[in-house]
Amino acid sequence: MNITLPTLLLVEDDANDVMLFRRAKDKSNLSNPLQVMEDGEMAVAYLSGQGQYADRSRYPLPALMLLDLKLPRKSGLEVLAWLREQPGLLRLPVVVLTSSKESVDVGHAYDLGANSYLVKPVAFDTLLEMVKALGMYWFILNEQPELQPSADE
């Protein structure tokens, strides 16, 4: 039996942070497929199934999005605001994963519908523990909501 694991979408523009996250994901034995978008506009295109992302067998809707705030072309907050206006994607769990500890950023992210707000750890061991906890909570313990692809797909 071929079981398809839910996809994890990482929206992160820092190549070093992406590499560290991939390493932590592999070391934590989190085997969910990972899609990485390098800017906010790419994330919106992916989530809305535009252009190259129209093939949902290659680019499935994620079960969880990890979203950086400081992104080129469209900020993480702009992506989050857009996402929460999409009826079929309203329930997509979003964990903000950023370097900002600013209370204004934390509050704004929650106001826009973030499900969680995590500050990127500096030490790899701490990142590894965070990725293990994310995988355990969001992919094993948490009940996944059903997402509705947009009507034009």
# chains A, B, ... in the order shown; residues from 1 in each chain; ligands from 1
>>> select_by_dssp(residues="chain A", states="strand (DSSP E)", output="list of chain:residue names")
A:Thr7, A:Leu8, A:Leu9, A:Leu10, A:Val11, A:Leu34, A:Gln35, A:Val36, A:Met37, A:Pro62, A:Ala63, A:Leu64, A:Met65, A:Leu66, A:Leu67, A:Val94, A:Val95, A:Val96, A:Leu97, A:Thr98, A:Ser116, A:Tyr117, A:Leu118, A:Val119
>>> select_by_dssp(residues="segment 11-116 of chain A", states="alpha helix (DSSP H)", output="count of residues only")
39
>>> atom_distance(atom1="atom CA of Tyr46 of chain A", atom2="atom CA of Glu78 of chain A")
14.8 Å
>>> closest_atom_pairs(of="segment 58-148 of chain A", to="segment 7-15 of chain A", cutoff="9 Å", atoms="only C-alpha atoms", output="Markdown table")
| residue | atom | partner | partner_atom | distance |
| --- | --- | --- | --- | --- |
| A:Tyr59 | CA | A:Thr7 | CA | 8.7 |
| A:Pro60 | CA | A:Thr7 | CA | 6.9 |
| A:Leu61 | CA | A:Thr7 | CA | 7.0 |
| A:Pro62 | CA | A:Thr7 | CA | 4.5 |
| A:Ala63 | CA | A:Thr7 | CA | 5.6 |
| A:Leu64 | CA | A:Leu8 | CA | 5.2 |
| A:Met65 | CA | A:Leu9 | CA | 4.6 |
| A:Leu66 | CA | A:Leu10 | CA | 4.8 |
| A:Leu67 | CA | A:Val11 | CA | 4.9 |
| A:Asp68 | CA | A:Glu12 | CA | 5.6 |
| A:Leu69 | CA | A:Glu12 | CA | 8.6 |
| A:Lys70 | CA | A:Asp13 | CA | 8.2 |
| A:Leu71 | CA | A:Asp13 | CA | 6.2 |
| A:Pro72 | CA | A:Asp13 | CA | 7.4 |
| A:Gly76 | CA | A:Val11 | CA | 8.2 |
| A:Leu97 | CA | A:Glu12 | CA | 8.9 |
| A:Thr98 | CA | A:Glu12 | CA | 8.9 |
>>> closest_residue(among="A:Pro33, A:Ser57, A:Asp26, A:Glu129", to="Leu5 of chain A", atoms="only C-alpha atoms")
A:Pro33
>>> closest_residue(among="A:Asn29, A:Ala109, A:Phe21, A:Ser48", to="Gln148 of chain A", atoms="only C-alpha atoms")
A:Ser48
>>> atom_distance(atom1="atom CA of Phe124 of chain A", atom2="atom CA of Lys101 of chain A")
18.5 Å
>>> closest_residue(among="A:Gly113, A:Gly107, A:Gly88, A:Pro93", to="Asn142 of chain A", atoms="only C-alpha atoms")
A:Pro93
>>> closest_residue(among="A:Ala24, A:Pro6, A:Asp17, A:Arg56", to="Asp125 of chain A", atoms="only C-alpha atoms")
A:Ala24
>>> closest_residue(among="A:Asp55, A:His108, A:Asn115, A:Gly40", to="Arg91 of chain A", atoms="only C-alpha atoms")
A:Asn115
>>> closest_residue(among="A:Gln86, A:Ser31, A:Ser116, A:Gln144", to="Val44 of chain A", atoms="only C-alpha atoms")
A:Gln86
